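Text of the file my_file_32.csv, holding CSV, C-alpha atoms (C1' of nucleotides):
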```csv
chain,number,residue,atom,x,y,z
Z,1,MET,CA,-63.7,-30.7,-34.3
Z,2,ALA,CA,-62.0,-27.4,-34.4
Z,3,TYR,CA,-63.0,-24.5,-32.2
Z,4,ASN,CA,-63.0,-20.8,-33.1
Z,5,ILE,CA,-62.1,-19.9,-29.6
Z,6,PRO,CA,-60.9,-22.2,-26.8
Z,7,VAL,CA,-63.8,-21.5,-24.5
Z,8,GLU,CA,-66.0,-23.6,-26.8
Z,9,ALA,CA,-64.2,-26.7,-25.6
Z,10,THR,CA,-65.4,-25.8,-22.1
Z,11,LEU,CA,-69.0,-25.4,-23.3
Z,12,ASP,CA,-68.8,-28.7,-25.0
Z,13,VAL,CA,-68.3,-30.4,-21.6
Z,14,ILE,CA,-70.4,-28.3,-19.2
Z,15,GLY,CA,-72.9,-26.7,-21.6
Z,16,GLY,CA,-76.6,-27.3,-21.4
Z,17,LYS,CA,-79.3,-26.8,-18.8
Z,18,TRP,CA,-78.3,-29.4,-16.2
Z,19,LYS,CA,-74.6,-30.3,-16.2
Z,20,VAL,CA,-73.4,-27.4,-14.1
Z,21,VAL,CA,-76.1,-28.0,-11.6
Z,22,ILE,CA,-75.3,-31.7,-11.3
Z,23,MET,CA,-71.6,-30.9,-10.9
Z,24,CYS,CA,-72.3,-28.3,-8.3
Z,25,HIS,CA,-74.1,-30.9,-6.2
Z,26,LEU,CA,-71.3,-33.5,-6.8
Z,27,ILE,CA,-68.7,-31.0,-5.6
Z,28,LYS,CA,-70.1,-31.4,-2.1
Z,29,GLY,CA,-69.6,-35.2,-2.2
Z,30,GLU,CA,-70.7,-38.3,-4.0
Z,31,LYS,CA,-74.4,-38.7,-4.5
Z,32,ARG,CA,-76.6,-41.6,-5.5
Z,33,THR,CA,-79.2,-41.2,-8.3
Z,34,SER,CA,-82.1,-40.7,-6.0
Z,35,GLU,CA,-80.3,-38.0,-4.0
Z,36,LEU,CA,-79.6,-36.1,-7.1
Z,37,LYS,CA,-83.2,-36.4,-8.1
Z,38,ARG,CA,-84.3,-35.0,-4.8
Z,39,LEU,CA,-81.8,-32.2,-5.0
Z,40,MET,CA,-83.1,-31.2,-8.5
Z,41,PRO,CA,-86.9,-31.3,-8.3
Z,42,GLY,CA,-87.1,-29.9,-11.8
Z,43,ILE,CA,-85.2,-32.7,-13.6
Z,44,THR,CA,-86.8,-35.8,-15.0
Z,45,GLN,CA,-85.4,-39.3,-14.5
Z,46,LYS,CA,-84.6,-39.4,-18.1
Z,47,MET,CA,-82.7,-36.2,-18.3
Z,48,LEU,CA,-80.7,-37.0,-15.1
Z,49,THR,CA,-79.6,-40.3,-16.5
Z,50,GLN,CA,-78.8,-38.8,-19.9
Z,51,GLN,CA,-76.8,-36.0,-18.5
Z,52,LEU,CA,-74.9,-38.2,-16.2
Z,53,ARG,CA,-74.1,-40.6,-19.1
Z,54,GLU,CA,-72.7,-37.7,-21.1
Z,55,LEU,CA,-70.6,-36.4,-18.1
Z,56,GLU,CA,-69.3,-39.9,-17.7
Z,57,ALA,CA,-68.4,-40.2,-21.3
Z,58,ASP,CA,-66.5,-36.9,-21.1
Z,59,GLY,CA,-64.6,-38.4,-18.1
Z,60,VAL,CA,-65.9,-35.8,-15.7
Z,61,VAL,CA,-68.0,-38.0,-13.6
Z,62,ASN,CA,-67.5,-41.4,-12.1
Z,63,ARG,CA,-70.2,-44.0,-11.9
Z,64,ILE,CA,-70.1,-46.8,-9.4
Z,65,VAL,CA,-72.7,-49.6,-9.5
Z,66,PHE,CA,-73.3,-51.6,-6.4
Z,67,ASP,CA,-74.5,-55.1,-7.2
Z,68,GLN,CA,-77.5,-55.1,-4.8
Z,69,VAL,CA,-81.3,-54.9,-4.9
Z,70,PRO,CA,-82.8,-52.4,-4.9
Z,71,PRO,CA,-80.1,-51.0,-7.2
Z,72,LYS,CA,-77.6,-48.5,-5.9
Z,73,VAL,CA,-75.5,-46.3,-8.1
Z,74,VAL,CA,-73.2,-43.6,-6.8
Z,75,TYR,CA,-71.8,-40.7,-8.8
Z,76,SER,CA,-68.8,-38.6,-8.0
Z,77,LEU,CA,-66.5,-36.2,-9.8
Z,78,THR,CA,-63.3,-37.7,-11.3
Z,79,GLU,CA,-60.0,-36.0,-11.0
Z,80,TYR,CA,-60.6,-34.5,-14.4
Z,81,GLY,CA,-63.9,-33.3,-13.2
Z,82,TRP,CA,-62.3,-31.5,-10.3
Z,83,SER,CA,-60.3,-29.5,-12.8
Z,84,LEU,CA,-63.5,-27.7,-13.6
Z,85,ARG,CA,-63.8,-26.6,-10.0
Z,86,PRO,CA,-62.7,-23.0,-10.5
Z,87,ILE,CA,-65.4,-22.6,-13.1
Z,88,LEU,CA,-68.1,-24.1,-10.9
Z,89,ASP,CA,-67.0,-22.1,-7.8
Z,90,ALA,CA,-67.1,-18.9,-9.8
Z,91,MET,CA,-70.5,-19.7,-11.2
Z,92,CYS,CA,-71.9,-20.6,-7.8
Z,93,ALA,CA,-70.5,-17.6,-6.2
Z,94,TRP,CA,-71.9,-15.2,-8.8
Z,95,GLY,CA,-75.3,-16.9,-8.5
Z,96,GLU,CA,-75.3,-16.5,-4.7
Z,97,GLY,CA,-74.5,-12.8,-5.1
Z,98,HIS,CA,-76.9,-12.0,-7.8
Z,99,ILE,CA,-80.1,-13.9,-7.2
Z,100,ASP,CA,-82.9,-11.7,-8.3
Z,101,LEU,CA,-80.7,-8.6,-8.0
Z,102,THR,CA,-81.6,-8.4,-11.6
Z,103,ASP,CA,-84.9,-7.2,-10.5
Z,104,ALA,CA,-84.3,-6.0,-7.0
Z,105,GLU,CA,-81.3,-3.8,-7.6
Z,106,VAL,CA,-83.3,-1.5,-9.8
Z,107,ALA,CA,-85.7,-0.9,-6.9
Z,108,GLU,CA,-83.0,-0.3,-4.4
W,109,MET,CA,-88.8,-17.2,-10.3
W,110,ALA,CA,-87.3,-19.3,-7.6
W,111,TYR,CA,-84.2,-21.3,-8.0
W,112,ASN,CA,-83.4,-24.6,-6.4
W,113,ILE,CA,-79.7,-23.7,-6.3
W,114,PRO,CA,-78.1,-20.3,-6.8
W,115,VAL,CA,-76.0,-21.3,-9.8
W,116,GLU,CA,-79.2,-21.5,-11.8
W,117,ALA,CA,-79.3,-17.7,-11.7
W,118,THR,CA,-75.9,-17.6,-13.3
W,119,LEU,CA,-77.1,-20.0,-16.0
W,120,ASP,CA,-80.1,-17.8,-16.7
W,121,VAL,CA,-77.8,-15.0,-17.7
W,122,ILE,CA,-74.9,-16.8,-19.5
W,123,GLY,CA,-76.5,-20.0,-20.5
W,124,GLY,CA,-76.9,-21.1,-24.1
W,125,LYS,CA,-74.6,-21.7,-27.0
W,126,TRP,CA,-73.3,-18.2,-27.7
W,127,LYS,CA,-73.4,-15.9,-24.8
W,128,VAL,CA,-70.2,-17.0,-23.1
W,129,VAL,CA,-68.4,-16.8,-26.5
W,130,ILE,CA,-69.7,-13.3,-27.2
W,131,MET,CA,-68.7,-12.1,-23.7
W,132,CYS,CA,-65.3,-13.6,-24.1
W,133,HIS,CA,-64.8,-11.5,-27.1
W,134,LEU,CA,-66.1,-8.4,-25.4
W,135,ILE,CA,-63.7,-8.9,-22.5
W,136,LYS,CA,-60.9,-7.8,-24.9
W,137,GLY,CA,-62.7,-4.6,-25.7
W,138,GLU,CA,-65.7,-3.2,-27.4
W,139,LYS,CA,-66.7,-4.6,-30.7
W,140,ARG,CA,-69.1,-3.7,-33.4
W,141,THR,CA,-71.5,-6.1,-34.9
W,142,SER,CA,-69.5,-7.0,-38.0
W,143,GLU,CA,-66.4,-7.6,-35.9
W,144,LEU,CA,-68.3,-10.0,-33.7
W,145,LYS,CA,-69.6,-11.8,-36.8
W,146,ARG,CA,-66.1,-12.2,-38.1
W,147,LEU,CA,-64.9,-13.5,-34.8
W,148,MET,CA,-67.7,-16.0,-34.7
W,149,PRO,CA,-67.9,-17.6,-38.2
W,150,GLY,CA,-70.4,-20.1,-37.0
W,151,ILE,CA,-73.1,-17.7,-35.8
W,152,THR,CA,-75.8,-16.3,-37.9
W,153,GLN,CA,-76.8,-12.6,-38.0
W,154,LYS,CA,-80.1,-13.5,-36.4
W,155,MET,CA,-78.6,-15.4,-33.5
W,156,LEU,CA,-76.0,-12.8,-32.9
W,157,THR,CA,-78.5,-10.0,-32.7
W,158,GLN,CA,-80.9,-12.1,-30.6
W,159,GLN,CA,-78.2,-13.1,-28.1
W,160,LEU,CA,-76.9,-9.5,-27.9
W,161,ARG,CA,-80.5,-8.3,-27.2
W,162,GLU,CA,-80.9,-10.8,-24.4
W,163,LEU,CA,-77.5,-9.8,-22.9
W,164,GLU,CA,-78.5,-6.2,-23.1
W,165,ALA,CA,-81.9,-6.9,-21.5
W,166,ASP,CA,-80.0,-8.6,-18.6
W,167,GLY,CA,-77.8,-5.5,-18.2
W,168,VAL,CA,-74.7,-7.3,-19.1
W,169,VAL,CA,-73.9,-5.7,-22.4
W,170,ASN,CA,-74.0,-2.1,-23.5
W,171,ARG,CA,-75.3,-1.1,-27.0
W,172,ILE,CA,-74.3,2.2,-28.5
W,173,VAL,CA,-75.8,3.2,-31.8
W,174,PHE,CA,-73.9,5.8,-33.9
W,175,ASP,CA,-76.3,7.8,-36.1
W,176,GLN,CA,-74.5,7.4,-39.3
W,177,VAL,CA,-74.7,5.6,-42.6
W,178,PRO,CA,-73.8,2.8,-43.1
W,179,PRO,CA,-74.9,2.0,-39.6
W,180,LYS,CA,-72.5,1.5,-36.7
W,181,VAL,CA,-73.3,-0.2,-33.5
W,182,VAL,CA,-70.8,-0.9,-30.8
W,183,TYR,CA,-71.2,-3.4,-28.0
W,184,SER,CA,-69.3,-3.6,-24.7
W,185,LEU,CA,-69.6,-5.1,-21.3
W,186,THR,CA,-71.4,-3.1,-18.6
W,187,GLU,CA,-70.0,-2.9,-15.1
W,188,TYR,CA,-72.5,-5.6,-14.2
W,189,GLY,CA,-71.2,-7.6,-17.1
W,190,TRP,CA,-67.7,-7.3,-15.7
W,191,SER,CA,-68.8,-8.9,-12.5
W,192,LEU,CA,-69.0,-12.1,-14.6
W,193,ARG,CA,-65.4,-11.9,-15.4
W,194,PRO,CA,-64.1,-14.5,-13.0
W,195,ILE,CA,-66.4,-17.0,-14.6
W,196,LEU,CA,-65.4,-16.1,-18.1
W,197,ASP,CA,-61.7,-16.2,-17.2
W,198,ALA,CA,-62.0,-19.6,-15.6
W,199,MET,CA,-63.9,-21.0,-18.6
W,200,CYS,CA,-61.4,-19.6,-21.1
W,201,ALA,CA,-58.5,-20.9,-19.1
W,202,TRP,CA,-60.0,-24.4,-18.9
W,203,GLY,CA,-60.7,-24.4,-22.6
W,204,GLU,CA,-57.2,-23.4,-23.4
W,205,GLY,CA,-55.8,-26.2,-21.2
W,206,HIS,CA,-58.1,-28.9,-22.4
W,207,ILE,CA,-58.7,-28.5,-26.1
W,208,ASP,CA,-59.0,-32.0,-27.6
W,209,LEU,CA,-57.1,-33.4,-24.7
W,210,THR,CA,-60.4,-35.2,-24.4
W,211,ASP,CA,-59.2,-37.3,-27.3
W,212,ALA,CA,-55.5,-36.8,-27.2
W,213,GLU,CA,-54.8,-37.7,-23.6
W,214,VAL,CA,-56.1,-41.2,-24.1
W,215,ALA,CA,-53.5,-41.8,-26.9
W,216,GLU,CA,-50.7,-40.3,-24.9
F,217,DT,C1',-99.3,-61.5,-1.1
F,218,DT,C1',-99.2,-57.0,-2.3
F,219,DT,C1',-96.7,-52.8,-2.3
F,220,DC,C1',-92.6,-49.9,-2.3
F,221,DA,C1',-88.2,-48.0,-3.7
F,222,DT,C1',-84.3,-48.2,-6.9
F,223,DA,C1',-82.0,-47.1,-11.4
F,224,DG,C1',-82.8,-47.2,-15.2
F,225,DG,C1',-84.8,-48.3,-20.6
F,226,DT,C1',-87.9,-47.2,-24.6
F,227,DA,C1',-91.0,-44.9,-27.6
F,228,DC,C1',-93.2,-40.9,-28.4
F,229,DT,C1',-94.5,-35.9,-28.2
F,230,DT,C1',-93.7,-31.1,-27.2
F,231,DT,C1',-91.0,-27.2,-26.6
F,232,DT,C1',-87.3,-24.4,-27.5
F,233,DA,C1',-83.1,-23.2,-29.9
F,234,DA,C1',-81.1,-22.4,-33.9
F,235,DG,C1',-80.8,-21.8,-38.9
F,236,DT,C1',-82.4,-20.0,-43.7
F,237,DT,C1',-84.0,-16.9,-46.8
F,238,DC,C1',-85.3,-12.6,-48.2
F,239,DC,C1',-86.1,-7.8,-47.1
F,240,DT,C1',-84.9,-2.4,-45.9
F,241,DA,C1',-82.0,2.2,-46.0
F,242,DC,C1',-78.4,5.1,-47.5
F,243,DA,C1',-73.7,6.9,-48.1
F,244,DT,C1',-69.8,5.8,-50.7
F,245,DC,C1',-67.1,4.3,-54.4
F,246,DA,C1',-66.0,2.4,-59.1
H,247,DT,C1',-75.6,4.0,-62.6
H,248,DG,C1',-75.2,0.1,-60.0
H,249,DA,C1',-72.8,-2.5,-56.6
H,250,DT,C1',-71.1,-2.7,-51.6
H,251,DG,C1',-71.2,-2.7,-46.6
H,252,DT,C1',-73.8,-2.1,-42.4
H,253,DA,C1',-77.3,-3.6,-38.8
H,254,DG,C1',-81.2,-5.5,-38.4
H,255,DG,C1',-86.4,-7.2,-39.2
H,256,DA,C1',-89.8,-10.8,-40.5
H,257,DA,C1',-91.4,-15.2,-41.8
H,258,DC,C1',-90.5,-19.7,-42.1
H,259,DT,C1',-88.2,-24.3,-41.5
H,260,DT,C1',-85.3,-27.6,-39.2
H,261,DA,C1',-82.7,-29.6,-35.6
H,262,DA,C1',-81.9,-30.4,-30.9
H,263,DA,C1',-83.2,-30.4,-26.2
H,264,DA,C1',-86.4,-31.6,-23.0
H,265,DG,C1',-90.6,-33.8,-21.2
H,266,DT,C1',-94.3,-37.7,-20.7
H,267,DA,C1',-95.8,-42.1,-20.1
H,268,DC,C1',-95.1,-46.6,-19.4
H,269,DC,C1',-92.0,-50.7,-18.8
H,270,DT,C1',-88.4,-53.9,-16.2
H,271,DA,C1',-86.2,-56.5,-12.0
H,272,DT,C1',-86.0,-57.9,-7.2
H,273,DG,C1',-85.4,-57.9,-2.1
H,274,DA,C1',-87.6,-56.1,1.9
H,275,DA,C1',-91.3,-54.6,4.6
H,276,DA,C1',-96.4,-54.3,5.6
```

Please render this file's structure as structure tokens.
Amino acid sequence: MAYNIPVEATLDVIGGKWKVVIMCHLIKGEKRTSELKRLMPGITQKMLTQQLRELEADGVVNRIVFDQVPPKVVYSLTEYGWSLRPILDAMCAWGEGHIDLTDAEVAE
Amino acid sequence: MAYNIPVEATLDVIGGKWKVVIMCHLIKGEKRTSELKRLMPGITQKMLTQQLRELEADGVVNRIVFDQVPPKVVYSLTEYGWSLRPILDAMCAWGEGHIDLTDAEVAE
DNA sequence: TTTCATAGGTACTTTTAAGTTCCTACATCA
DNA sequence: TGATGTAGGAACTTAAAAGTACCTATGAAA
């Protein structure tokens, strides 16, 4: 598909409500499914799996299944996923610097 | 509202299908509504207005109305909006470097 | 033996995002 | 005179995203 502006290609990969959050967690190291769920109390099992599948299909996330019971699956960023790091870092940094300043700065 | 991770604050402001695209255009200079519409052939008048209103409400975009007929309205980034620039730059750069490499790189 | 935790799958519903169509006002130009 | 461009409002519909509830398998621990 053709884009009107290159940044749309980026949005295709990291757009949506959860992908950036998931990747921000994976930046700090690989995580198994249950860890991610705990880190994101707002996400449902279904959405987590779905988003991880899409990230995997885009080559951004790696999925490693351990053949054991109870099941163990570990997710991590691929090399390709690491190429998104400047974006993730910038987004995280901005968020840290502007949490609720949207409201608070007016009062200050 | 409380966030589980700071980056959610960022997503609150620039999340969605159009906001990043709009801001990427505004980075290059102020634009009037019709210009933005031409730059984004896929957006509808309604969505454009709606997204600009939200960006304005978040203090990211400036709206200047010229009292003339036919109407003229010019949008630009506020100083606060400029603080998002590192994110926008990173996203644009990634998009430029990875357009359809998602498909092409496999073939190569 | 029953319960628990794990990593999902499936079917269904709800919510939100986005799109469509039709409307206004008025100066300008053909 | 009548069409054109501008910026947007309002009502309505459709599509996509997200959520809910319930299901599986199995080894280990209580």

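The residues of chain Z lying at most 10 Å from chain H, with all atoms listed in the file taken into account, are Z:Gly16, Z:Lys17, Z:Ile43, Z:Thr44, Z:Lys46, Z:Met47, Z:Gln68, Z:Val69, Z:Pro70, Z:Pro71.
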
- Task: Determine the nearest neighbour of F:DT222 from the options Z:Ile99, Z:Met91, Z:Val73, Z:Ile22, counting all atoms listed in the file.
- Result: Z:Val73

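Atom CA of Z:Val60 lies 12.3 Å from atom CA of Z:Cys24.
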
- If we count all atoms listed in the file, which residues of chain Z reach to within 7 Å of chain W? Please list them as a PyMOL selection string. chain Z and resi 4+6-10+16+21+40+86-87+90-92+94-96+99

- Separating atom CA of Z:Asp67 from atom C1' of F:DT226, to the nearest tenth of an Å, is a gap of 23.3 Å

Where does chain F meet chain Z within 12 Å, residue by residue, with the nearest atom pair and distance in Å to one decimal for each, counting only C-alpha atoms (C1' of nucleotides), listed by chain and rising number, as a tab-separated table?
```
residue	atom	partner	partner_atom	distance
F:DC220	C1'	Z:Pro70	CA	10.4
F:DA221	C1'	Z:Pro70	CA	7.1
F:DT222	C1'	Z:Pro70	CA	4.9
F:DA223	C1'	Z:Pro71	CA	6.0
F:DG224	C1'	Z:Thr49	CA	7.7
F:DG225	C1'	Z:Lys46	CA	9.2
F:DT226	C1'	Z:Lys46	CA	10.7
F:DA233	C1'	Z:Gly16	CA	11.5
```

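The space separating atom CA of Z:Val74 from atom CA of Z:Lys31 comes to 5.5 Å.
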
Could I get stretch 182-193 of chain W from the block written as a compact mmCIF listing (two decimals), in the first residue's frame, with N, CA, C and O atoms?
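Wrote it out as decode_38.txt, contents follow:
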```txt
# COMPACT_ATOMS: atom_id res chain seq x y z
N VAL W 182 -5.68 29.32 10.21
CA VAL W 182 -4.32 28.82 10.10
C VAL W 182 -3.93 28.06 11.36
O VAL W 182 -4.18 28.53 12.47
N TYR W 183 -3.34 26.90 11.16
CA TYR W 183 -2.91 26.08 12.29
C TYR W 183 -1.39 26.02 12.34
O TYR W 183 -0.72 25.98 11.31
N SER W 184 -0.88 26.01 13.56
CA SER W 184 0.57 25.87 13.75
C SER W 184 0.83 25.17 15.07
O SER W 184 -0.06 25.05 15.91
N LEU W 185 2.06 24.72 15.24
CA LEU W 185 2.42 24.06 16.51
C LEU W 185 2.67 25.13 17.57
O LEU W 185 3.28 26.16 17.30
N THR W 186 2.20 24.86 18.76
CA THR W 186 2.53 25.74 19.88
C THR W 186 3.93 25.38 20.38
O THR W 186 4.53 24.40 19.95
N GLU W 187 4.41 26.15 21.33
CA GLU W 187 5.71 25.84 21.91
C GLU W 187 5.66 24.45 22.57
O GLU W 187 6.57 23.64 22.44
N TYR W 188 4.55 24.22 23.22
CA TYR W 188 4.33 22.91 23.84
C TYR W 188 4.36 21.81 22.77
O TYR W 188 4.94 20.75 22.97
N GLY W 189 3.72 22.10 21.66
CA GLY W 189 3.72 21.15 20.55
C GLY W 189 5.13 20.86 20.05
O GLY W 189 5.46 19.72 19.71
N TRP W 190 5.96 21.89 20.03
CA TRP W 190 7.34 21.70 19.58
C TRP W 190 8.10 20.76 20.50
O TRP W 190 9.09 20.14 20.08
N SER W 191 7.68 20.64 21.73
CA SER W 191 8.38 19.73 22.64
C SER W 191 8.22 18.27 22.20
O SER W 191 8.95 17.39 22.65
N LEU W 192 7.28 18.04 21.31
CA LEU W 192 7.09 16.67 20.82
C LEU W 192 7.97 16.38 19.61
O LEU W 192 7.96 15.27 19.07
N ARG W 193 8.71 17.37 19.21
CA ARG W 193 9.47 17.23 17.98
C ARG W 193 10.41 16.03 17.93
O ARG W 193 10.47 15.34 16.90
```
